[in-house]
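**Q** To be precise about what I am sending: the file is called target_5.txt and holds compact mmCIF, C-alpha atoms.
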# COMPACT_ATOMS: atom_id res chain seq x y z
CA MET A 10 54.53 64.97 -14.70
CA LYS A 11 53.16 64.30 -18.17
CA LEU A 12 55.68 64.50 -20.98
CA SER A 13 54.66 65.27 -24.54
CA LEU A 14 55.71 63.00 -27.36
CA LYS A 15 57.84 65.83 -28.74
CA GLN A 16 59.64 66.22 -25.42
CA LEU A 17 60.26 62.47 -25.26
CA ALA A 18 61.63 62.45 -28.79
CA VAL A 19 64.04 65.28 -27.94
CA TYR A 20 65.26 63.50 -24.79
CA VAL A 21 65.86 60.24 -26.65
CA PHE A 22 67.61 62.10 -29.47
CA LEU A 23 69.98 63.76 -27.02
CA LEU A 24 70.75 60.41 -25.42
CA VAL A 25 71.59 58.91 -28.82
CA ILE A 26 73.85 61.82 -29.73
CA GLY A 27 75.55 61.67 -26.33
CA GLY A 28 76.29 57.98 -26.85
CA GLY A 29 78.18 58.56 -30.09
CA ALA A 30 77.25 58.41 -33.74
CA GLY A 31 78.81 57.10 -36.93
CA LEU A 32 78.52 57.46 -40.65
CA PHE A 33 77.22 54.43 -42.49
CA GLY A 34 79.82 55.20 -45.13
CA SER A 35 82.39 53.68 -42.79
CA ARG A 36 82.65 50.31 -41.10
CA TYR A 37 83.73 50.02 -37.48
CA LEU A 38 85.04 46.71 -36.20
CA LEU A 39 84.66 46.19 -32.47
CA PRO A 40 86.10 43.37 -30.38
CA GLN A 41 83.61 41.00 -28.84
CA ASN A 42 82.23 41.85 -25.40
CA ARG A 43 83.53 45.42 -25.58
CA SER A 44 81.62 48.67 -25.93
CA PHE A 45 82.21 51.32 -28.56
CA GLN A 46 85.35 53.32 -27.95
CA GLN A 47 85.95 56.76 -29.36
CA LEU A 48 87.95 56.56 -32.56
CA ARG A 49 91.35 58.11 -31.98
CA ASN A 50 92.98 60.44 -34.44
CA VAL A 51 95.51 58.33 -36.27
CA THR A 52 96.18 60.61 -39.23
CA MET A 53 99.90 60.67 -39.88
CA ALA A 54 101.51 64.07 -39.53
CA SER A 55 103.64 65.36 -42.38
CA PRO A 56 107.35 64.52 -42.01
CA PRO A 57 109.76 67.39 -41.32
CA GLU A 58 111.18 69.07 -44.39
CA SER A 59 114.55 67.49 -43.67
CA VAL A 60 113.04 63.99 -43.67
CA VAL A 61 111.51 62.83 -46.94
CA PRO A 62 110.56 59.17 -47.55
CA ASN A 63 112.62 57.19 -49.98
CA SER A 64 111.24 57.15 -53.48
CA PRO A 65 110.34 53.80 -55.11
CA ASN A 66 113.53 53.72 -57.17
CA GLY A 67 115.74 54.23 -54.14
CA ALA A 68 116.38 57.95 -54.55
CA ILE A 69 115.97 60.05 -51.42
CA GLY A 70 114.24 63.41 -51.27
CA ALA A 71 112.29 65.50 -53.73
CA THR A 72 112.63 65.40 -57.49
CA SER A 73 113.28 68.26 -59.90
CA GLY A 74 113.86 70.60 -56.97
CA ASP A 75 110.14 71.37 -56.61
CA ASN A 76 109.33 69.32 -53.48
CA VAL A 77 107.34 66.76 -55.48
CA ASN A 78 108.13 63.28 -54.20
CA PHE A 79 106.68 59.94 -55.29
CA ILE A 80 103.72 60.29 -52.94
CA ALA A 81 102.70 63.63 -54.40
CA THR A 82 103.20 62.27 -57.93
CA ALA A 83 100.92 59.30 -57.21
CA VAL A 84 98.26 61.52 -55.68
CA GLN A 85 98.35 63.95 -58.59
CA LYS A 86 97.67 61.06 -60.96
CA VAL A 87 94.90 59.38 -58.96
CA GLY A 88 93.33 62.22 -56.96
CA PRO A 89 91.08 63.53 -59.77
CA ALA A 90 89.50 60.06 -60.11
CA VAL A 91 88.55 59.81 -56.41
CA VAL A 92 84.98 60.88 -55.65
CA ARG A 93 82.79 61.58 -52.63
CA ILE A 94 79.57 59.57 -52.40
CA ASN A 95 76.67 60.90 -50.34
CA ALA A 96 73.90 58.40 -49.72
CA THR A 97 70.54 58.66 -47.98
CA ARG A 98 68.20 55.91 -46.94
CA LYS A 99 65.02 55.48 -44.93
CA VAL A 100 65.23 53.43 -41.75
CA ALA A 101 62.63 52.44 -39.19
CA ASN A 102 62.15 54.87 -36.31
CA PRO A 103 62.40 52.84 -33.06
CA ILE A 104 60.73 55.62 -31.05
CA SER A 105 57.62 55.42 -33.24
CA ASP A 106 57.32 51.66 -32.72
CA ALA A 107 57.84 51.93 -28.95
CA LEU A 108 55.10 54.54 -28.56
CA LYS A 109 52.50 52.27 -30.15
CA ASN A 110 52.19 50.68 -26.72
CA PRO A 111 48.76 51.73 -25.32
CA LEU A 112 50.21 52.25 -21.82
CA LEU A 113 52.81 54.69 -23.11
CA ARG A 114 50.20 56.48 -25.19
CA ARG A 115 48.02 56.93 -22.11
CA PHE A 116 50.98 58.18 -20.04
CA PHE A 117 52.28 60.69 -22.56
CA GLY A 118 48.89 61.75 -23.89
CA GLU A 119 46.61 60.72 -26.74
CA ASP A 120 46.39 64.10 -28.46
CA GLU A 121 50.00 64.40 -29.55
CA GLN A 122 50.99 64.26 -33.22
CA PRO A 123 52.41 60.80 -34.06
CA ILE A 124 56.16 60.51 -34.59
CA PRO A 125 57.06 59.44 -38.17
CA GLN A 126 57.57 55.71 -38.59
CA GLU A 127 60.67 56.26 -40.71
CA ARG A 128 63.63 58.60 -40.48
CA ILE A 129 66.25 59.62 -43.02
CA GLU A 130 69.81 58.45 -42.41
CA ARG A 131 72.66 60.10 -44.29
CA GLY A 132 76.22 58.94 -44.78
CA THR A 133 79.34 59.83 -46.69
CA GLY A 134 81.84 57.50 -48.30
CA SER A 135 84.36 57.41 -51.11
CA GLY A 136 84.74 55.78 -54.48
CA PHE A 137 86.92 55.91 -57.60
CA ILE A 138 86.33 56.07 -61.34
CA LEU A 139 87.08 52.97 -63.42
CA SER A 140 86.06 54.17 -66.88
CA GLU A 141 85.89 57.46 -68.75
CA ASP A 142 82.12 57.04 -69.20
CA GLY A 143 81.37 57.01 -65.48
CA GLU A 144 81.70 53.53 -64.00
CA LEU A 145 82.59 53.79 -60.28
CA LEU A 146 83.74 51.31 -57.65
CA THR A 147 82.97 51.61 -53.93
CA ASN A 148 81.96 49.58 -50.86
CA ALA A 149 78.59 47.89 -50.58
CA HIS A 150 77.98 49.33 -47.12
CA VAL A 151 78.44 52.87 -48.50
CA VAL A 152 75.43 52.56 -50.85
CA ALA A 153 73.41 49.87 -49.06
CA ASP A 154 69.61 50.12 -49.24
CA THR A 155 69.52 52.96 -51.75
CA ASP A 156 69.09 53.11 -55.52
CA THR A 157 70.64 56.51 -56.18
CA VAL A 158 73.49 58.47 -54.61
CA GLN A 159 75.05 61.90 -55.03
CA VAL A 160 78.56 61.74 -56.51
CA THR A 161 80.86 64.75 -56.16
CA LEU A 162 83.94 64.94 -58.38
CA LYS A 163 87.16 66.66 -57.42
CA ASP A 164 86.47 69.40 -59.97
CA GLY A 165 83.35 70.34 -58.01
CA ARG A 166 80.70 68.76 -60.21
CA SER A 167 77.89 66.94 -58.39
CA LEU A 168 76.08 64.21 -60.33
CA GLU A 169 73.38 61.69 -59.55
CA GLY A 170 74.71 58.15 -59.49
CA LYS A 171 72.73 54.97 -60.11
CA VAL A 172 73.64 51.99 -57.94
CA VAL A 173 74.05 49.25 -60.55
CA GLY A 174 74.89 46.36 -58.24
CA VAL A 175 75.78 45.49 -54.66
CA ASP A 176 77.56 42.38 -53.40
CA SER A 177 77.34 42.10 -49.62
CA VAL A 178 79.49 38.95 -49.56
CA THR A 179 82.61 40.88 -50.58
CA ASP A 180 81.37 44.39 -49.62
CA VAL A 181 81.81 45.62 -53.19
CA ALA A 182 79.37 47.85 -55.10
CA VAL A 183 79.34 49.67 -58.44
CA VAL A 184 77.77 52.98 -59.39
CA LYS A 185 77.18 54.64 -62.80
CA ILE A 186 77.12 58.37 -63.46
CA LYS A 187 76.28 60.08 -66.76
CA ALA A 188 79.47 61.78 -67.86
CA ASN A 189 82.25 61.42 -70.41
CA ASP A 190 86.01 61.97 -70.58
CA LEU A 191 86.40 61.41 -66.86
CA PRO A 192 89.76 60.84 -65.15
CA THR A 193 90.35 57.20 -64.25
CA VAL A 194 92.57 55.16 -61.96
CA LYS A 195 95.10 52.55 -63.03
CA LEU A 196 94.65 49.13 -61.44
CA GLY A 197 97.73 47.45 -59.99
CA ASN A 198 98.57 44.01 -58.60
CA SER A 199 98.06 43.01 -54.98
CA GLN A 200 99.11 39.38 -55.38
CA ASN A 201 102.79 39.94 -54.61
CA LEU A 202 102.58 42.57 -51.90
CA ILE A 203 105.22 42.37 -49.17
CA PRO A 204 104.74 43.80 -45.66
CA GLY A 205 106.75 47.00 -45.41
CA GLN A 206 105.93 48.32 -48.88
CA TRP A 207 104.47 51.82 -49.15
CA ALA A 208 100.69 52.25 -49.02
CA ILE A 209 98.84 55.47 -49.87
CA ALA A 210 95.17 56.03 -49.03
CA ILE A 211 92.95 58.69 -50.62
CA GLY A 212 89.39 59.37 -49.54
CA ASN A 213 86.94 61.71 -47.88
CA PRO A 214 87.22 61.09 -44.14
CA LEU A 215 84.65 63.05 -42.13
CA GLY A 216 83.70 64.91 -45.31
CA LEU A 217 87.23 66.29 -45.89
CA ASP A 218 87.55 65.66 -49.62
CA ASN A 219 90.65 64.12 -51.18
CA THR A 220 92.51 63.57 -47.93
CA VAL A 221 95.81 61.72 -48.39
CA THR A 222 97.45 59.52 -45.77
CA ILE A 223 100.47 57.26 -46.08
CA GLY A 224 101.78 54.18 -44.32
CA ILE A 225 102.91 50.70 -45.18
CA ILE A 226 101.44 47.33 -46.01
CA SER A 227 101.28 45.77 -42.54
CA ALA A 228 100.17 42.28 -43.58
CA THR A 229 98.39 40.39 -46.34
CA ASP A 230 95.90 37.53 -46.47
CA ARG A 231 94.05 38.55 -43.32
CA THR A 232 91.00 36.29 -43.15
CA SER A 233 87.51 37.65 -42.68
CA THR A 234 87.40 36.10 -39.22
CA GLN A 235 90.66 37.76 -38.19
CA VAL A 236 89.40 41.13 -39.37
CA GLY A 237 86.10 40.72 -37.51
CA VAL A 238 83.67 40.25 -40.42
CA PRO A 239 83.26 36.45 -40.65
CA ASP A 240 80.32 36.77 -43.03
CA LYS A 241 82.56 38.17 -45.79
CA ARG A 242 84.50 36.20 -48.42
CA VAL A 243 87.65 38.29 -48.67
CA SER A 244 91.34 37.96 -47.80
CA PHE A 245 92.12 41.48 -46.64
CA ILE A 246 95.20 43.68 -46.98
CA GLN A 247 96.17 45.25 -43.65
CA THR A 248 97.69 48.73 -43.61
CA ASP A 249 98.64 51.37 -41.06
CA ALA A 250 97.84 54.24 -43.45
CA ALA A 251 95.30 56.29 -41.51
CA ILE A 252 91.75 55.35 -42.47
CA ASN A 253 88.83 57.19 -40.87
CA PRO A 254 85.03 57.38 -41.24
CA GLY A 255 84.30 58.35 -44.83
CA ASN A 256 87.38 56.62 -46.30
CA SER A 257 85.32 53.52 -47.09
CA GLY A 258 85.31 52.83 -50.81
CA GLY A 259 88.40 54.90 -51.55
CA PRO A 260 91.54 53.51 -53.19
CA LEU A 261 94.65 52.11 -51.52
CA LEU A 262 97.64 52.80 -53.78
CA ASN A 263 101.14 51.46 -54.19
CA ALA A 264 104.17 53.73 -54.64
CA GLN A 265 103.54 53.93 -58.40
CA GLY A 266 100.02 55.29 -57.90
CA GLU A 267 98.28 52.06 -58.92
CA VAL A 268 95.17 50.89 -57.06
CA ILE A 269 95.90 47.75 -55.07
CA GLY A 270 92.81 47.71 -52.85
CA ILE A 271 89.60 49.35 -51.62
CA ASN A 272 89.76 50.80 -48.11
CA THR A 273 86.86 49.22 -46.30
CA ALA A 274 87.25 48.72 -42.54
CA ILE A 275 88.93 50.02 -39.42
CA ARG A 276 89.29 48.84 -35.86
CA ALA A 277 87.68 51.43 -33.60
CA ASP A 278 89.56 50.12 -30.56
CA ALA A 279 93.07 50.44 -32.02
CA GLN A 280 95.48 52.60 -33.98
CA GLY A 281 97.04 51.66 -37.30
CA LEU A 282 94.66 48.81 -38.11
CA GLY A 283 93.01 49.44 -41.45
CA PHE A 284 91.88 46.86 -43.97
CA ALA A 285 91.39 46.89 -47.74
CA ILE A 286 89.83 44.52 -50.25
CA PRO A 287 92.41 43.33 -52.81
CA ILE A 288 91.81 44.99 -56.15
CA GLU A 289 91.72 41.65 -58.04
CA THR A 290 88.70 40.58 -55.98
CA ALA A 291 87.03 43.96 -56.30
CA ALA A 292 87.59 44.23 -60.06
CA ARG A 293 86.25 40.73 -60.72
CA ILE A 294 83.12 41.37 -58.66
CA ALA A 295 82.66 44.80 -60.26
CA ASN A 296 82.76 43.26 -63.73
CA GLU A 297 80.04 40.76 -62.77
CA LEU A 298 77.90 43.48 -61.21
CA PHE A 299 78.15 45.71 -64.28
CA THR A 300 77.42 42.87 -66.72
CA LYS A 301 74.88 40.80 -64.77
CA GLY A 302 73.75 43.01 -61.89
CA ARG A 303 74.82 40.39 -59.35
CA ALA A 304 77.82 38.30 -58.38
CA GLU A 305 78.00 34.56 -57.76
CA HIS A 306 80.42 33.00 -55.32
CA PRO A 307 81.62 29.39 -55.45
CA PHE A 308 80.83 27.51 -52.26
CA LEU A 309 82.27 24.28 -50.86
CA GLY A 310 80.77 24.21 -47.38
CA VAL A 311 83.80 23.61 -45.16
CA GLU A 312 84.99 25.30 -41.99
CA MET A 313 88.79 25.57 -42.02
CA ALA A 314 91.52 26.49 -39.55
CA ASP A 315 95.29 26.94 -39.82
CA LEU A 316 97.18 24.38 -37.75
CA SER A 317 99.87 24.92 -35.13
CA PRO A 318 100.92 22.60 -32.30
CA ILE A 319 98.73 24.46 -29.78
CA ARG A 320 95.87 24.94 -32.21
CA LYS A 321 95.98 21.24 -33.09
CA GLN A 322 95.36 20.22 -29.49
CA GLN A 323 92.51 22.70 -29.15
CA ILE A 324 90.81 21.56 -32.37
CA ASN A 325 91.17 17.89 -31.43
CA GLN A 326 89.54 18.51 -28.06
CA GLU A 327 86.74 20.73 -29.34
CA ASN A 328 85.83 18.60 -32.35
CA GLN A 329 86.75 15.12 -31.10
CA LEU A 330 89.31 14.65 -33.86
CA ASN A 331 92.72 12.99 -33.98
CA ILE A 332 94.82 15.32 -36.11
CA GLN A 333 98.53 14.48 -36.10
CA GLN A 334 100.00 17.24 -38.27
CA ASP A 335 101.33 20.40 -36.66
CA ALA A 336 100.94 22.52 -39.82
CA GLY A 337 98.50 22.81 -42.69
CA ILE A 338 94.82 23.62 -43.11
CA VAL A 339 92.45 21.35 -41.27
CA ILE A 340 88.78 20.94 -42.10
CA LYS A 341 87.02 21.47 -38.76
CA GLY A 342 83.52 20.92 -40.08
CA VAL A 343 81.57 20.08 -43.23
CA THR A 344 78.12 21.57 -43.85
CA ASP A 345 75.30 19.09 -44.38
CA ASP A 346 74.10 18.72 -47.98
CA SER A 347 77.01 20.81 -49.24
CA PRO A 348 79.34 20.28 -52.23
CA ALA A 349 82.13 19.25 -49.85
CA LYS A 350 79.88 16.67 -48.18
CA ARG A 351 78.82 15.24 -51.52
CA GLY A 352 82.44 15.26 -52.72
CA GLY A 353 83.63 13.11 -49.83
CA LEU A 354 85.50 15.59 -47.61
CA LEU A 355 85.39 14.93 -43.86
CA PRO A 356 86.23 16.79 -40.65
CA GLY A 357 89.86 16.11 -39.77
CA ASP A 358 91.08 16.14 -43.37
CA VAL A 359 94.16 18.33 -43.76
CA ILE A 360 94.19 20.20 -47.08
CA GLN A 361 97.53 20.10 -48.91
CA LYS A 362 96.72 21.20 -52.48
CA VAL A 363 93.89 22.87 -54.39
CA ASP A 364 93.83 22.10 -58.12
CA GLY A 365 97.43 20.93 -57.85
CA LYS A 366 98.65 24.12 -56.13
CA PRO A 367 100.24 23.68 -52.67
CA VAL A 368 98.51 25.70 -49.94
CA LYS A 369 99.69 26.61 -46.46
CA THR A 370 96.89 28.83 -45.12
CA SER A 371 93.12 28.85 -45.18
CA ALA A 372 93.28 32.29 -46.82
CA GLN A 373 95.07 30.72 -49.81
CA VAL A 374 92.39 28.04 -50.07
CA GLN A 375 89.65 30.66 -49.92
CA ARG A 376 91.31 32.76 -52.60
CA LEU A 377 91.75 29.81 -54.97
CA VAL A 378 88.16 28.69 -54.52
CA GLU A 379 86.86 32.24 -54.92
CA SER A 380 88.80 32.66 -58.18
CA SER A 381 86.93 29.71 -59.74
CA ARG A 382 83.38 29.71 -61.10
CA VAL A 383 80.23 28.22 -59.65
CA GLY A 384 79.92 24.67 -60.98
CA ASP A 385 83.66 24.14 -61.54
CA ILE A 386 85.22 20.85 -60.46
CA ILE A 387 87.90 21.59 -57.84
CA ALA A 388 90.50 18.96 -56.95
CA ILE A 389 91.18 18.97 -53.20
CA GLU A 390 94.21 16.95 -52.05
CA VAL A 391 94.07 16.06 -48.35
CA ASN A 392 95.97 14.05 -45.80
CA ARG A 393 93.46 11.74 -44.09
CA SER A 394 94.94 9.82 -41.17
CA GLY A 395 98.36 9.72 -42.84
CA LYS A 396 97.07 8.76 -46.28
CA VAL A 397 97.09 11.29 -49.14
CA GLN A 398 93.84 11.33 -51.13
CA THR A 399 92.36 13.63 -53.77
CA PHE A 400 88.66 14.45 -53.94
CA LYS A 401 86.90 16.20 -56.79
CA VAL A 402 84.31 18.65 -55.52
CA GLN A 403 81.86 20.50 -57.76
CA SER A 404 81.34 23.92 -56.22
CA GLY A 405 77.88 25.30 -55.65
CA ALA A 406 76.60 28.85 -55.28
CA TYR A 407 77.14 30.63 -51.96
CA PRO A 408 73.81 30.44 -50.13
CA GLU A 409 71.95 33.72 -49.83
CA LYS A 410 71.00 35.01 -46.41
CA LYS A 411 67.34 34.60 -45.57
Any chance you could put this one into structure tokens?
**A**
Amino acid sequence: MKLSLKQLAVYVFLLVIGGGAGLFGSRYLLPQNRSFQQLRNVTMASPPESVVPNSPNGAIGATSGDNVNFIATAVQKVGPAVVRINATRKVANPISDALKNPLLRRFFGEDEQPIPQERIERGTGSGFILSEDGELLTNAHVVADTDTVQVTLKDGRSLEGKVVGVDSVTDVAVVKIKANDLPTVKLGNSQNLIPGQWAIAIGNPLGLDNTVTIGIISATDRTSTQVGVPDKRVSFIQTDAAINPGNSGGPLLNAQGEVIGINTAIRADAQGLGFAIPIETAARIANELFTKGRAEHPFLGVEMADLSPIRKQQINQENQLNIQQDAGIVIKGVTDDSPAKRGGLLPGDVIQKVDGKPVKTSAQVQRLVESSRVGDIIAIEVNRSGKVQTFKVQSGAYPEKK
């Protein structure tokens, strides 16, 4: 039986839809060697009327007798500054490329109309307003590969947004819309977060504008490798506030309604595992993108790992090293022709201080290096075979992907 190209396209389309689909305004993180699992509904249900979370100042229940608690107060302040971002981009059509094969053309017929080589992909994400004149912050993967996006405000206005800059290394992007007197968010501090503190997420999951979910800060300083995105240069905040497709780029708030992070990633194979970029990182990158159109990242060229007694044995065996310490940050490898190599660092060195500041985790080292500028001299104190030494390393620029 001879199938037409149109019939083939329909069959393939149905197979793709049957296998699951996602919005590129959200990032799914899948464990290695596992297939995609359906994202479970993890939105937190509202507490019973008789159970109201404690307010930040310790008071329990609503205030002023009008059922407005600290969560509602925070959302009322920030909600108007949260936007929906609709992006479209052209992507290659794999069916078109496959049907260029002469054998397939002969089988399905030569007289059929060719399938377009490109198709339009649409996605929805979130963002928030930084300035009254229309500067927005969102995730890079929300606006990737497009120059303009459609920005919808909470008041119903829909405006064209220009993508000013994208930084794939931190997954941060900035957008500009033409408007004045816009509501804005207030930036907070993520440096002293403690697991167990309140966390409030606002965004547009699955196109449901200004959805609010609440949870706690589950952990801080999650490395990019732990989160499942080893190509990023971010120490993530982990939260169990429900984050779903479309939340990407929206704000994570503290109990006072201040932005402490950008919701950016979820684990599709688990419940209560959401991750946010600390606002200090996002704000610094956003400033560079608005002023220069790009962001530079200091680069040393070392592969690090946090030590433990078991981890020490594993690293020694895998890398033919002789590490004696049971705790600290060990340099597993040094990239050839890198700043670290030129500065004298070696595999097996255990980092103790960076610019005179004691460090205990690789996430702390990464954060200190990332907070410096390209070309800065960074003092790295290490323990090398029981001897404490300090090496001065001039950072380079993070190499671009080719």
**Q** With distances taken over all atoms listed in the file, which of A:Ala182, A:Ile332, A:Ile80, A:Leu191 is nearest to Asp164 of chain A?
**A**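 Closest to Asp164 of chain A, using all atoms listed in the file: A:Leu191.
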**Q** Given only C-alpha atoms as the basis, pick out the residue of A:Val402, A:Ile186, A:Ile275, A:Ile226 nearest to Asn201 of chain A.
**A**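 Checking each candidate against Asn201 of chain A, we get A:Ile226 as the closest.
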**Q** List the spatial neighbours of segment 137-150 of chain A as a list in words - criterion: any atom at most 7 Å away, all atoms listed in the file, same-chain residues fewer than 5 positions off excluded.
**A** Phe33, Gly34, Ala90, Val91, Val92, Val175, Asp176, Ser177, Asp180, Val181, Ala182, Val183, Val184, Lys185, Ile186, Lys187, Ala188, Asn189, Asp190, Leu191, Pro192, Thr193, Val194, Ser257, Gly258, Gly259, Pro260 and Thr273 of chain A
**Q** Could the residues in this selection be written to a file with C-alpha atoms, as a PDB file, in the frame of the given file?
**A**
ATOM      1  CA  PHE A  33      77.220  54.430 -42.490  1.00  0.00           C
ATOM      2  CA  GLY A  34      79.820  55.200 -45.130  1.00  0.00           C
ATOM      3  CA  ALA A  90      89.500  60.060 -60.110  1.00  0.00           C
ATOM      4  CA  VAL A  91      88.550  59.810 -56.410  1.00  0.00           C
ATOM      5  CA  VAL A  92      84.980  60.880 -55.650  1.00  0.00           C
ATOM      6  CA  VAL A 175      75.780  45.490 -54.660  1.00  0.00           C
ATOM      7  CA  ASP A 176      77.560  42.380 -53.400  1.00  0.00           C
ATOM      8  CA  SER A 177      77.340  42.100 -49.620  1.00  0.00           C
ATOM      9  CA  ASP A 180      81.370  44.390 -49.620  1.00  0.00           C
ATOM     10  CA  VAL A 181      81.810  45.620 -53.190  1.00  0.00           C
ATOM     11  CA  ALA A 182      79.370  47.850 -55.100  1.00  0.00           C
ATOM     12  CA  VAL A 183      79.340  49.670 -58.440  1.00  0.00           C
ATOM     13  CA  VAL A 184      77.770  52.980 -59.390  1.00  0.00           C
ATOM     14  CA  LYS A 185      77.180  54.640 -62.800  1.00  0.00           C
ATOM     15  CA  ILE A 186      77.120  58.370 -63.460  1.00  0.00           C
ATOM     16  CA  LYS A 187      76.280  60.080 -66.760  1.00  0.00           C
ATOM     17  CA  ALA A 188      79.470  61.780 -67.860  1.00  0.00           C
ATOM     18  CA  ASN A 189      82.250  61.420 -70.410  1.00  0.00           C
ATOM     19  CA  ASP A 190      86.010  61.970 -70.580  1.00  0.00           C
ATOM     20  CA  LEU A 191      86.400  61.410 -66.860  1.00  0.00           C
ATOM     21  CA  PRO A 192      89.760  60.840 -65.150  1.00  0.00           C
ATOM     22  CA  THR A 193      90.350  57.200 -64.250  1.00  0.00           C
ATOM     23  CA  VAL A 194      92.570  55.160 -61.960  1.00  0.00           C
ATOM     24  CA  SER A 257      85.320  53.520 -47.090  1.00  0.00           C
ATOM     25  CA  GLY A 258      85.310  52.830 -50.810  1.00  0.00           C
ATOM     26  CA  GLY A 259      88.400  54.900 -51.550  1.00  0.00           C
ATOM     27  CA  PRO A 260      91.540  53.510 -53.190  1.00  0.00           C
ATOM     28  CA  THR A 273      86.860  49.220 -46.300  1.00  0.00           C
TER      29      THR A 273
END
**Q** Between A:Ala83, A:Met313, A:Thr229, A:Val152, which one has atoms that come closest to Ile211 of chain A, using only C-alpha atoms?
**A** A:Ala83
**Q** With all atoms listed in the file as the basis for distance, which of A:Gln200, A:Asn325, A:Ser167, A:Gln403 is at the shortest distance from Leu354 of chain A?
**A** A:Gln403
**Q** Tell me which of A:Glu312, A:Asp278, A:Glu267, A:Asp240 sits closest to Ile209 of chain A, counting only C-alpha atoms.
**A**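 The shortest atom-to-atom distance to Ile209 of chain A comes from A:Glu267.
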**Q** Which polymer residues have any atom within 12 Å of an atom of Ser380 of chain A, counting all atoms listed in the file, with same-chain residues fewer than 5 positions away left out, as a tab-separated table (two decimals) with C-alpha atoms, keeping the file's coordinate frame?
**A**
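Writing done, so here's out.tsv:
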chain	number	residue	atom	x	y	z
A	242	ARG	CA	84.50	36.20	-48.42
A	243	VAL	CA	87.65	38.29	-48.67
A	244	SER	CA	91.34	37.96	-47.80
A	289	GLU	CA	91.72	41.65	-58.04
A	290	THR	CA	88.70	40.58	-55.98
A	291	ALA	CA	87.03	43.96	-56.30
A	292	ALA	CA	87.59	44.23	-60.06
A	293	ARG	CA	86.25	40.73	-60.72
A	294	ILE	CA	83.12	41.37	-58.66
A	305	GLU	CA	78.00	34.56	-57.76
A	306	HIS	CA	80.42	33.00	-55.32
A	307	PRO	CA	81.62	29.39	-55.45
A	308	PHE	CA	80.83	27.51	-52.26
A	363	VAL	CA	93.89	22.87	-54.39
A	364	ASP	CA	93.83	22.10	-58.12
A	373	GLN	CA	95.07	30.72	-49.81
A	374	VAL	CA	92.39	28.04	-50.07
A	375	GLN	CA	89.65	30.66	-49.92
A	385	ASP	CA	83.66	24.14	-61.54
A	387	ILE	CA	87.90	21.59	-57.84
A	404	SER	CA	81.34	23.92	-56.22
**Q** Mind pulling up the distance from atom CA of Ile286 of chain A to atom CA of Lys86 of chain A?
**A**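 About the pair atom CA of Lys86 of chain A and atom CA of Ile286 of chain A: they are 21.2 Å apart.
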**Q** Need to verify the contact set: Ser317 of chain A, 8 Å, only C-alpha atoms, exclusion of same-chain residues closer than 2 positions in sequence. Can you return it as a tab-separated table (two decimals) with C-alpha atoms, in the coordinates of the input?
**A**
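Below is the file result-v2.tsv, written as the result:
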chain	number	residue	atom	x	y	z
A	315	ASP	CA	95.29	26.94	-39.82
A	319	ILE	CA	98.73	24.46	-29.78
A	320	ARG	CA	95.87	24.94	-32.21
A	321	LYS	CA	95.98	21.24	-33.09
A	335	ASP	CA	101.33	20.40	-36.66
A	336	ALA	CA	100.94	22.52	-39.82
A	337	GLY	CA	98.50	22.81	-42.69
**Q** For each of A:Arg231, A:Ile94, A:Gly197, A:Gly205, take the minimum atom-to-atom distance to Lys171 of chain A, counting only C-alpha atoms, then give the residue where this is smallest.
**A**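 So, comparing all the options, the nearest one is A:Ile94.
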**Q** At a cut-off of 9 Å, using all atoms listed in the file, what residues contact Thr248 of chain A? Leave out same-chain residues fewer than 5 positions from it and give the result as a list in words.
**A**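 That gives Pro204, Ala208, Gly224, Ile225, Ile226, Ser227, Ala228, Thr229, Gly281, Leu282, Gly283, Phe284 and Ala285 of chain A.
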**Q** I want to know what sits within 10 Å of Thr220 of chain A, based on only C-alpha atoms, with residues of the same chain fewer than 2 positions away left out; could you give that as a PyMOL selection string?
**A** chain A and resi 52+84+88+210-218+222+252+256
**Q** Go ahead and compute the interatomic distance for atom CA of Gln265 of chain A and atom CA of Val77 of chain A, in Å to one decimal.
**A** 13.7 Å
**Q** Just to confirm, what's the straight-line distance from atom CA of Val151 of chain A to atom CA of Ala406 of chain A in Å (one decimal)?
**A**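 If I compute the distance from atom CA of Val151 of chain A to atom CA of Ala406 of chain A, I get 25.0 Å.
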